[in-house]
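Dropping data-v4.cif in here (mmCIF, C-alpha atoms):
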data_work
loop_
_atom_site.label_atom_id
_atom_site.label_comp_id
_atom_site.auth_asym_id
_atom_site.auth_seq_id
_atom_site.Cartn_x
_atom_site.Cartn_y
_atom_site.Cartn_z
CA MET R 234 -65.48 16.91 -6.62
CA PRO R 235 -65.63 13.99 -4.18
CA ALA R 236 -62.31 12.56 -3.07
CA PRO R 237 -61.31 9.28 -4.74
CA ALA R 238 -61.97 6.14 -2.76
CA PRO R 239 -58.92 4.75 -0.98
CA SER R 240 -57.21 1.87 -2.70
CA ALA R 241 -57.68 -1.60 -1.27
CA ASP R 242 -54.33 -2.58 -2.77
CA PRO R 243 -51.64 -2.56 -0.07
CA GLY R 244 -49.13 -1.72 -2.78
CA GLY R 245 -51.21 1.23 -3.98
CA ALA R 246 -48.54 3.85 -3.32
CA ALA R 247 -45.97 1.89 -5.30
CA SER R 248 -48.49 1.40 -8.10
CA ALA R 249 -49.20 5.14 -8.19
CA SER R 250 -45.47 5.88 -8.36
CA ALA R 251 -45.01 3.44 -11.22
CA SER R 252 -47.96 4.97 -13.07
CA ALA R 253 -46.57 8.49 -12.67
CA SER R 254 -43.28 7.45 -14.30
CA ALA R 255 -44.95 5.61 -17.21
CA PRO R 256 -45.01 7.16 -20.71
CA VAL R 257 -47.33 9.96 -21.79
CA ALA R 258 -49.55 8.89 -24.69
CA VAL R 259 -50.85 11.41 -27.24
CA LEU R 260 -53.87 10.39 -29.31
CA GLY R 261 -54.95 12.25 -32.42
CA GLU R 262 -54.19 13.37 -35.93
CA CYS R 263 -51.21 14.16 -38.09
CA VAL R 264 -51.74 16.97 -40.61
CA ALA R 265 -49.60 18.05 -43.53
CA ASP R 266 -49.25 21.82 -43.04
CA ALA R 267 -48.68 23.48 -46.41
CA PHE R 268 -47.47 27.09 -46.12
CA VAL R 269 -48.02 29.45 -49.02
CA ARG R 270 -44.90 31.08 -50.49
CA PRO R 271 -44.05 32.78 -53.79
CA PRO R 272 -43.81 30.09 -56.48
CA ALA R 273 -40.43 29.23 -57.97
CA THR R 274 -41.65 29.65 -61.56
CA ASP R 275 -41.31 32.20 -64.33
CA ALA R 276 -43.27 35.40 -63.86
CA GLY R 277 -46.74 35.20 -65.32
CA THR R 278 -47.16 31.48 -64.71
CA PRO R 279 -50.28 30.83 -62.59
CA ALA R 280 -49.00 28.90 -59.59
CA ILE R 281 -48.90 28.79 -55.81
CA GLY R 282 -45.74 27.78 -53.98
CA LEU R 283 -46.19 25.48 -50.98
CA ASP R 284 -43.74 24.36 -48.32
CA VAL R 285 -45.16 21.24 -46.66
CA LEU R 286 -44.24 20.57 -43.04
CA PRO R 287 -45.45 17.82 -40.69
CA GLY R 288 -48.08 19.11 -38.27
CA GLY R 289 -51.39 18.40 -36.58
CA GLY R 290 -52.04 19.45 -32.99
CA PRO R 291 -51.64 16.05 -31.29
CA ALA R 292 -48.61 15.12 -33.43
CA ASN R 293 -47.02 18.47 -32.59
CA THR R 294 -47.52 17.81 -28.89
CA ALA R 295 -46.02 14.32 -29.16
CA VAL R 296 -42.95 15.65 -30.98
CA ALA R 297 -42.43 18.44 -28.45
CA LEU R 298 -42.81 16.04 -25.50
CA ALA R 299 -40.32 13.57 -26.92
CA ARG R 300 -37.79 16.31 -27.71
CA LEU R 301 -38.02 17.35 -24.06
CA ALA R 302 -36.99 13.78 -23.16
CA THR R 303 -40.39 12.70 -21.86
CA PRO R 304 -41.16 9.07 -22.81
CA THR R 305 -43.90 9.58 -25.39
CA ARG R 306 -46.15 7.22 -27.35
CA PHE R 307 -48.16 8.46 -30.30
CA LEU R 308 -51.53 6.83 -30.93
CA GLY R 309 -52.46 7.72 -34.47
CA ARG R 310 -53.70 6.33 -37.76
CA ILE R 311 -50.94 7.22 -40.23
CA SER R 312 -51.43 6.93 -43.99
CA GLY R 313 -49.02 5.11 -46.26
CA ASP R 314 -48.94 8.07 -48.67
CA VAL R 315 -46.10 10.57 -49.13
CA PHE R 316 -47.34 12.73 -46.25
CA GLY R 317 -47.67 9.70 -43.99
CA ARG R 318 -44.03 8.84 -44.62
CA LEU R 319 -43.13 12.43 -43.73
CA PHE R 320 -45.08 12.11 -40.44
CA ARG R 321 -43.42 8.83 -39.47
CA ASP R 322 -39.93 10.14 -40.15
CA HIS R 323 -40.58 13.35 -38.22
CA LEU R 324 -42.07 11.58 -35.18
CA ALA R 325 -39.42 8.87 -35.09
CA GLU R 326 -36.52 11.30 -35.49
CA SER R 327 -37.90 13.27 -32.55
CA GLY R 328 -37.87 10.18 -30.35
CA VAL R 329 -41.58 9.35 -30.34
CA ASP R 330 -42.57 5.70 -29.80
CA LEU R 331 -44.63 4.68 -32.87
CA SER R 332 -45.30 1.09 -31.84
CA SER R 333 -48.98 1.87 -31.17
CA THR R 334 -49.76 3.60 -34.48
CA VAL R 335 -52.09 2.08 -37.07
CA GLY R 336 -50.96 1.84 -40.69
CA ALA R 337 -53.91 3.29 -42.61
CA HIS R 338 -54.94 2.94 -46.25
CA GLU R 339 -56.82 6.26 -46.32
CA PRO R 340 -55.02 9.48 -47.41
CA SER R 341 -53.45 11.97 -45.02
CA THR R 342 -55.14 15.15 -43.85
CA LEU R 343 -53.86 18.35 -45.53
CA ALA R 344 -54.11 21.93 -44.26
CA VAL R 345 -53.04 24.92 -46.36
CA ALA R 346 -51.90 27.79 -44.12
CA ASP R 347 -51.75 31.42 -45.20
CA VAL R 348 -49.87 33.34 -42.47
CA ASP R 349 -50.69 37.03 -41.94
CA ASP R 350 -48.30 39.83 -40.93
CA GLU R 351 -48.87 39.10 -37.22
CA GLY R 352 -47.94 35.44 -37.56
CA ARG R 353 -51.49 34.06 -37.30
CA ALA R 354 -52.35 31.27 -39.72
CA ASP R 355 -55.58 31.12 -41.74
CA TYR R 356 -56.22 27.49 -42.72
CA SER R 357 -58.12 25.67 -45.42
CA PHE R 358 -58.52 21.97 -44.66
CA HIS R 359 -58.72 18.88 -46.85
CA ALA R 360 -59.93 16.28 -44.37
CA GLU R 361 -62.80 14.26 -45.81
CA ASN R 362 -62.44 10.48 -45.39
CA THR R 363 -58.81 10.82 -44.32
CA ALA R 364 -56.87 8.37 -42.19
CA ASP R 365 -56.91 10.27 -38.89
CA PHE R 366 -60.61 10.01 -38.15
CA GLN R 367 -61.45 6.38 -38.96
CA TRP R 368 -60.67 4.83 -35.54
CA THR R 369 -62.49 1.66 -34.51
CA PRO R 370 -62.94 0.61 -30.86
CA GLN R 371 -60.71 -2.41 -31.50
CA GLU R 372 -57.89 -0.28 -32.89
CA LEU R 373 -58.12 2.12 -29.96
CA ALA R 374 -58.11 -0.63 -27.34
CA ALA R 375 -54.95 -2.12 -28.82
CA ALA R 376 -53.24 1.26 -29.21
CA ALA R 377 -53.95 2.37 -25.63
CA ASP R 378 -52.88 -0.92 -24.05
CA GLY R 379 -49.95 -0.91 -21.66
CA PRO R 380 -48.70 1.43 -18.91
CA LEU R 381 -49.54 5.13 -19.24
CA SER R 382 -49.09 8.08 -16.90
CA CYS R 383 -51.31 10.34 -19.00
CA LEU R 384 -53.42 10.21 -22.14
CA HIS R 385 -53.58 13.56 -23.93
CA THR R 386 -56.09 13.92 -26.76
CA GLY R 387 -58.45 16.35 -28.44
CA SER R 388 -58.45 18.41 -31.60
CA LEU R 389 -60.22 17.05 -34.67
CA ALA R 390 -59.78 13.37 -33.83
CA LEU R 391 -61.99 13.73 -30.74
CA VAL R 392 -64.84 15.57 -32.46
CA ARG R 393 -65.03 14.17 -36.00
CA PRO R 394 -66.94 10.96 -36.78
CA PRO R 395 -66.65 8.07 -36.99
CA GLY R 396 -63.66 7.89 -34.66
CA GLY R 397 -64.54 10.68 -32.23
CA PRO R 398 -67.25 8.81 -30.31
CA ALA R 399 -64.98 5.77 -30.03
CA ILE R 400 -62.23 7.94 -28.50
CA GLU R 401 -64.73 9.35 -25.99
CA GLU R 402 -65.58 5.82 -24.89
CA LEU R 403 -61.89 4.99 -24.57
CA LEU R 404 -61.30 7.87 -22.13
CA ALA R 405 -63.58 6.36 -19.50
CA GLY R 406 -61.52 3.18 -19.45
CA VAL R 407 -58.14 4.91 -19.53
CA ARG R 408 -59.24 7.16 -16.67
CA GLN R 409 -59.07 4.15 -14.35
CA ARG R 410 -55.28 4.00 -14.76
CA ALA R 411 -53.99 7.34 -16.04
CA THR R 412 -54.50 11.09 -15.98
CA VAL R 413 -56.66 12.32 -18.87
CA SER R 414 -55.87 15.60 -20.65
CA VAL R 415 -58.11 17.15 -23.31
CA ASP R 416 -57.41 20.04 -25.70
CA PRO R 417 -60.49 20.82 -27.85
CA ASN R 418 -58.48 22.94 -30.35
CA VAL R 419 -61.64 24.28 -32.01
CA ARG R 420 -61.55 24.28 -35.82
CA PRO R 421 -64.72 26.09 -36.93
CA LEU R 422 -63.94 25.67 -40.64
CA LEU R 423 -64.28 21.90 -40.28
CA VAL R 424 -66.65 21.40 -37.35
CA GLU R 425 -69.44 23.70 -36.18
CA PRO R 426 -68.57 25.20 -32.78
CA ALA R 427 -71.98 23.99 -31.55
CA ALA R 428 -70.64 20.43 -31.79
CA TYR R 429 -67.80 21.32 -29.44
CA ARG R 430 -70.17 23.07 -27.06
CA GLY R 431 -72.40 20.03 -26.95
CA ALA R 432 -69.51 17.65 -26.30
CA LEU R 433 -67.60 19.80 -23.82
CA PRO R 434 -69.52 18.69 -20.68
CA ARG R 435 -68.75 15.06 -21.56
CA TRP R 436 -65.08 15.84 -22.19
CA CYS R 437 -64.81 17.68 -18.87
CA ALA R 438 -66.38 14.72 -17.08
CA ALA R 439 -63.69 12.47 -18.56
CA ALA R 440 -60.76 14.87 -18.20
CA ASP R 441 -58.53 15.86 -15.33
CA ILE R 442 -56.92 18.63 -17.41
CA LEU R 443 -58.74 20.85 -19.89
CA ARG R 444 -56.55 23.14 -22.05
CA LEU R 445 -58.03 25.81 -24.28
CA SER R 446 -56.78 28.87 -26.13
CA ASP R 447 -58.46 32.25 -25.89
CA ASP R 448 -59.68 31.69 -29.46
CA ASP R 449 -61.23 28.36 -28.41
CA LEU R 450 -62.95 30.01 -25.48
CA ALA R 451 -64.52 32.64 -27.74
CA HIS R 452 -66.30 29.83 -29.61
CA LEU R 453 -67.34 27.89 -26.49
CA VAL R 454 -68.76 30.38 -23.96
CA PRO R 455 -71.12 33.37 -24.26
CA GLU R 456 -69.54 36.71 -25.07
CA GLY R 457 -68.56 38.58 -21.93
CA THR R 458 -67.89 35.45 -19.87
CA SER R 459 -64.81 35.95 -17.71
CA LEU R 460 -62.01 33.42 -17.50
CA GLU R 461 -62.95 32.71 -13.91
CA GLU R 462 -66.61 32.14 -14.81
CA ALA R 463 -65.70 29.85 -17.71
CA ALA R 464 -63.34 27.83 -15.52
CA GLY R 465 -66.05 27.51 -12.87
CA THR R 466 -68.41 26.01 -15.45
CA PHE R 467 -65.78 23.52 -16.60
CA HIS R 468 -65.05 22.58 -12.98
CA GLU R 469 -68.77 21.91 -12.46
CA HIS R 470 -68.67 19.53 -15.43
CA GLY R 471 -65.76 17.62 -13.86
CA ALA R 472 -62.39 18.99 -14.99
CA ARG R 473 -60.15 19.67 -11.95
CA LEU R 474 -57.57 21.75 -13.80
CA VAL R 475 -58.48 24.32 -16.47
CA VAL R 476 -55.69 26.04 -18.40
CA VAL R 477 -56.33 28.87 -20.91
CA THR R 478 -53.46 30.14 -23.04
CA LEU R 479 -53.78 33.84 -23.89
CA GLY R 480 -51.05 34.44 -26.48
CA ALA R 481 -48.95 37.46 -25.61
CA ASP R 482 -50.98 37.86 -22.38
CA GLY R 483 -49.61 34.64 -20.92
CA VAL R 484 -51.69 31.88 -19.38
CA PHE R 485 -54.52 31.51 -16.88
CA ALA R 486 -55.06 28.39 -14.78
CA SER R 487 -57.68 27.28 -12.29
CA LEU R 488 -57.14 24.25 -10.05
CA ASP R 489 -60.37 23.42 -8.21
CA GLY R 490 -61.24 27.14 -8.33
CA GLU R 491 -57.84 28.44 -7.20
CA HIS R 492 -56.68 30.86 -9.89
CA LEU R 493 -53.20 31.59 -11.19
CA ARG R 494 -51.86 33.81 -13.99
CA VAL R 495 -48.41 33.65 -15.53
CA PRO R 496 -47.12 36.29 -17.99
CA ALA R 497 -45.58 35.47 -21.35
CA PRO R 498 -41.94 36.34 -22.05
CA PRO R 499 -41.20 38.83 -24.85
CA VAL R 500 -40.58 37.10 -28.17
CA THR R 501 -40.27 38.12 -31.81
CA VAL R 502 -43.05 36.11 -33.43
CA VAL R 503 -42.38 34.45 -36.78
CA ASP R 504 -45.69 32.58 -36.60
CA SER R 505 -47.84 31.00 -33.88
CA VAL R 506 -48.27 27.62 -35.59
CA GLY R 507 -47.97 24.85 -32.98
CA ALA R 508 -47.55 27.27 -30.06
CA GLY R 509 -50.50 25.93 -28.06
CA ASP R 510 -49.55 22.33 -28.80
CA SER R 511 -45.99 22.97 -27.66
CA PHE R 512 -47.16 24.80 -24.54
CA MET R 513 -49.12 21.70 -23.61
CA ALA R 514 -46.07 19.51 -24.18
CA GLY R 515 -43.94 21.67 -21.91
CA PHE R 516 -46.69 21.72 -19.32
CA LEU R 517 -47.17 17.94 -19.31
CA HIS R 518 -43.41 17.38 -19.36
CA SER R 519 -43.06 19.41 -16.18
CA LEU R 520 -45.92 17.56 -14.46
CA HIS R 521 -44.44 14.22 -15.54
CA GLU R 522 -41.04 15.15 -14.13
CA ALA R 523 -42.70 16.19 -10.86
CA GLY R 524 -44.36 12.76 -10.64
CA VAL R 525 -47.89 14.14 -10.32
CA LEU R 526 -49.41 12.38 -13.34
CA GLY R 527 -50.96 8.92 -13.21
CA GLY R 528 -54.20 9.69 -11.38
CA ARG R 529 -56.54 12.50 -10.45
CA LEU R 530 -53.83 15.15 -9.82
CA ASP R 531 -54.10 14.66 -6.07
CA ALA R 532 -50.39 15.42 -5.64
CA LEU R 533 -50.51 18.61 -7.73
CA GLY R 534 -49.80 21.67 -5.58
CA PRO R 535 -49.48 25.39 -6.42
CA GLU R 536 -45.68 25.15 -6.76
CA HIS R 537 -45.83 22.29 -9.27
CA LEU R 538 -48.58 24.06 -11.21
CA ALA R 539 -46.74 27.39 -11.40
CA ALA R 540 -43.52 25.69 -12.51
CA ALA R 541 -45.37 23.75 -15.21
CA LEU R 542 -47.09 26.87 -16.53
CA HIS R 543 -43.81 28.79 -16.69
CA PHE R 544 -42.07 25.95 -18.51
CA GLY R 545 -44.94 25.51 -20.96
CA ILE R 546 -44.77 29.20 -21.86
CA ARG R 547 -41.02 28.95 -22.45
CA VAL R 548 -41.54 26.10 -24.90
CA ALA R 549 -44.37 27.96 -26.67
CA ALA R 550 -42.24 31.10 -26.99
CA ALA R 551 -39.43 29.10 -28.57
CA VAL R 552 -41.87 27.74 -31.18
CA CYS R 553 -43.23 31.21 -31.97
CA ALA R 554 -39.69 32.36 -32.79
CA VAL R 555 -39.32 29.88 -35.67
CA ARG R 556 -41.37 28.99 -38.72
CA GLY R 557 -43.95 26.26 -38.30
CA ALA R 558 -44.36 23.75 -35.49
CA ASN R 559 -40.67 23.08 -34.80
CA PRO R 560 -40.42 22.66 -31.01
CA PRO R 561 -37.07 22.88 -29.21
CA TRP R 562 -34.98 20.01 -27.89
CA ALA R 563 -34.32 19.84 -24.17
CA GLY R 564 -30.72 21.02 -24.54
CA GLU R 565 -31.86 24.16 -26.40
CA LEU R 566 -33.80 25.32 -23.34
#

Let me see whether you can do it: turn the structure in this file into structure tokens.
Amino acid sequence: MPAPAPSADPGGAASASASASAPVAVLGECVADAFVRPPATDAGTPAIGLDVLPGGGPANTAVALARLATPTRFLGRISGDVFGRLFRDHLAESGVDLSSTVGAHEPSTLAVADVDDEGRADYSFHAENTADFQWTPQELAAAADGPLSCLHTGSLALVRPPGGPAIEELLAGVRQRATVSVDPNVRPLLVEPAAYRGALPRWCAAADILRLSDDDLAHLVPEGTSLEEAAGTFHEHGARLVVVTLGADGVFASLDGEHLRVPAPPVTVVDSVGAGDSFMAGFLHSLHEAGVLGGRLDALGPEHLAAALHFGIRVAAAVCAVRGANPPWAGEL
């Protein structure tokens, strides 16, 4: 990619430093994650037991970032229903700044998760006409106003209409003042993978950081494509840093074509819900602490990248060891 043009502002270095220390903003959905359990009823009564926990990929990332003591703003449309109240309490108690959220009249998004013996969750979604996806350009402009070091977005909010296209337009403007991070978080039960494949070149052009899971990659590139080949394609579309989480096999990263792999620590997995979201929080937290956010990652070197990958994996492992998306606090690490 061509080098950025030098700043004409004589205080440019100070401005970059201030931007790097500004909050991280996370834009996207909250989802009520309902986990199936044996019902607390008399035998023979037809019923399903559900434990409902606050979730949603972007909300999980915001919670994990704030618990790591990174200044974090959540940009979301949160319903006034019972689940919306659960989301607000959970985010606020974790230290997330909710001043940029929109109070929505639409209902919350619900996902019912059936977890298998290996800890992987099989979801059914209830997401039609829900609050998370109804963004207007005016709401987004107001929510994203103010200093930011990074805007992290993706998941369903970026791909579902009517709000998805408006978020795409927002990224171009935010890119002028902050690092942009995108996590597609492919959900084939709700959105055809072809929609992600069609949008991915545009997302890469807007993003400095592209994070995917190995499951995401299976939906987005032809079978047999290597990690290195996939990263090369995403670099060609514009993303400088490509990160692919590989579950128990650790994480792969490519910065401008320079490749790095980091192994995962051993962990007894309860479930993997929120692991990728929490990895990204740990990763961004480390980059924020290093002062390399705020622009096009020009200050990001191999040492910073390796440290961020290692820390992200530690946070993800801690989440895998507990039920649901319950990321650790800084003191627990």

Next item on the list: Would you list the contacts of region 451-459 of chain R as a PyMOL selection string, taking every protein, DNA or RNA residue within 12 Å and counting all atoms listed in the file, but skipping same-chain residues closer than 4 positions in sequence?
Entry: chain R and resi 417-421+424-434+445-447+463-467+477+479+485

Item checked: the PyMOL selection byres ((chain R and resi 283) around 7) applied to the shown file, residues as number ranges by chain -> R: 267-270, 281-282, 284-285

Report the centre and edge lengths, in Å to one decimal, of an axis-aligned box enclosing every atom of region 535-542 of chain R listed in the file, padded by 3 Å on each side, as AutoDock Vina command-line options.
--center_x -46.5 --center_y 24.8 --center_z -11.5 --size_x 12.0 --size_y 11.1 --size_z 16.1

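For the pair CA of Arg310 (chain R) and CA of Phe516 (chain R), the interatomic distance is 25.0 Å.
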
Note to self: So the first atom is CA of Ala364 (chain R) and the second is CA of Ser505 (chain R); what is the distance between them in Å, to one decimal place?
What the structure shows: 25.7 Å

Next item on the list: Tell me which of R:Asp531, R:Ala563, R:His543, R:Val506 sits closest to Arg353 (chain R), counting only C-alpha atoms.
Entry: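 Ranked by minimum distance to Arg353 (chain R), first place goes to R:Val506.
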
Write out as a PDB file with C-alpha atoms, in the frame of the given file each polymer residue whose atoms come within 12 Å of Ser388 (chain R), counting all atoms listed in the file; drop sequence neighbours fewer than 5 positions from it.
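File selection21.pdb, as written:
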ATOM      1  CA  VAL R 259     -50.850  11.410 -27.240  1.00  0.00           C
ATOM      2  CA  LEU R 260     -53.870  10.390 -29.310  1.00  0.00           C
ATOM      3  CA  GLY R 261     -54.950  12.250 -32.420  1.00  0.00           C
ATOM      4  CA  GLU R 262     -54.190  13.370 -35.930  1.00  0.00           C
ATOM      5  CA  CYS R 263     -51.210  14.160 -38.090  1.00  0.00           C
ATOM      6  CA  VAL R 264     -51.740  16.970 -40.610  1.00  0.00           C
ATOM      7  CA  GLY R 289     -51.390  18.400 -36.580  1.00  0.00           C
ATOM      8  CA  GLY R 290     -52.040  19.450 -32.990  1.00  0.00           C
ATOM      9  CA  PRO R 291     -51.640  16.050 -31.290  1.00  0.00           C
ATOM     10  CA  ALA R 292     -48.610  15.120 -33.430  1.00  0.00           C
ATOM     11  CA  ASN R 293     -47.020  18.470 -32.590  1.00  0.00           C
ATOM     12  CA  THR R 294     -47.520  17.810 -28.890  1.00  0.00           C
ATOM     13  CA  ASP R 365     -56.910  10.270 -38.890  1.00  0.00           C
ATOM     14  CA  PHE R 366     -60.610  10.010 -38.150  1.00  0.00           C
ATOM     15  CA  ARG R 393     -65.030  14.170 -36.000  1.00  0.00           C
ATOM     16  CA  GLY R 397     -64.540  10.680 -32.230  1.00  0.00           C
ATOM     17  CA  ILE R 400     -62.230   7.940 -28.500  1.00  0.00           C
ATOM     18  CA  SER R 414     -55.870  15.600 -20.650  1.00  0.00           C
ATOM     19  CA  VAL R 415     -58.110  17.150 -23.310  1.00  0.00           C
ATOM     20  CA  ASP R 416     -57.410  20.040 -25.700  1.00  0.00           C
ATOM     21  CA  PRO R 417     -60.490  20.820 -27.850  1.00  0.00           C
ATOM     22  CA  ASN R 418     -58.480  22.940 -30.350  1.00  0.00           C
ATOM     23  CA  VAL R 419     -61.640  24.280 -32.010  1.00  0.00           C
ATOM     24  CA  ARG R 420     -61.550  24.280 -35.820  1.00  0.00           C
ATOM     25  CA  PRO R 421     -64.720  26.090 -36.930  1.00  0.00           C
ATOM     26  CA  LEU R 423     -64.280  21.900 -40.280  1.00  0.00           C
ATOM     27  CA  VAL R 424     -66.650  21.400 -37.350  1.00  0.00           C
ATOM     28  CA  TYR R 429     -67.800  21.320 -29.440  1.00  0.00           C
ATOM     29  CA  TRP R 436     -65.080  15.840 -22.190  1.00  0.00           C
ATOM     30  CA  LEU R 443     -58.740  20.850 -19.890  1.00  0.00           C
ATOM     31  CA  ARG R 444     -56.550  23.140 -22.050  1.00  0.00           C
ATOM     32  CA  LEU R 445     -58.030  25.810 -24.280  1.00  0.00           C
ATOM     33  CA  SER R 446     -56.780  28.870 -26.130  1.00  0.00           C
ATOM     34  CA  ASP R 449     -61.230  28.360 -28.410  1.00  0.00           C
ATOM     35  CA  GLY R 509     -50.500  25.930 -28.060  1.00  0.00           C
ATOM     36  CA  ASP R 510     -49.550  22.330 -28.800  1.00  0.00           C
TER      37      ASP R 510
END

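When CA of Thr334 (chain R) is paired with CA of Ala508 (chain R), their separation reads 24.2 Å.
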
Check: Which residue, R:Gly527, R:Gly545, R:Glu326, R:Leu533, has the smallest gap to Arg410 (chain R) when you use only C-alpha atoms?
Finding: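 Checking each candidate against Arg410 (chain R), we get R:Gly527 as the closest.
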
Item checked: Output of the PyMOL selection byres ((chain R and resi 300) around 9), listed as a PyMOL selection string -> chain R and resi 295-299+301-303+327-329+560-563

Next item on the list: Please evaluate the PyMOL selection byres ((chain R and resi 437) around 6) against the displayed coordinates and give the resulting residues as a PyMOL selection string.
Entry: chain R and resi 434-436+438-440+470-472

Check: Need the neighbours of (-42.1, 26.0, -20.4): which residues are at most 10 Å away, counting all atoms listed in the file, as a VMD selection string?
Finding: chain R and resid 511 to 519 540 to 551 566

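When all atoms listed in the file are used to measure the gap to Gly336 (chain R), the shortest distance among R:His359, R:Gly309, R:Leu324, R:Leu474 belongs to R:Gly309.
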
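Of the listed residues R:Ala346, R:Ala486, R:Ile311, R:Leu331, the one whose atoms come nearest to Gln367 (chain R) is R:Ile311, with distances taken using all atoms listed in the file.
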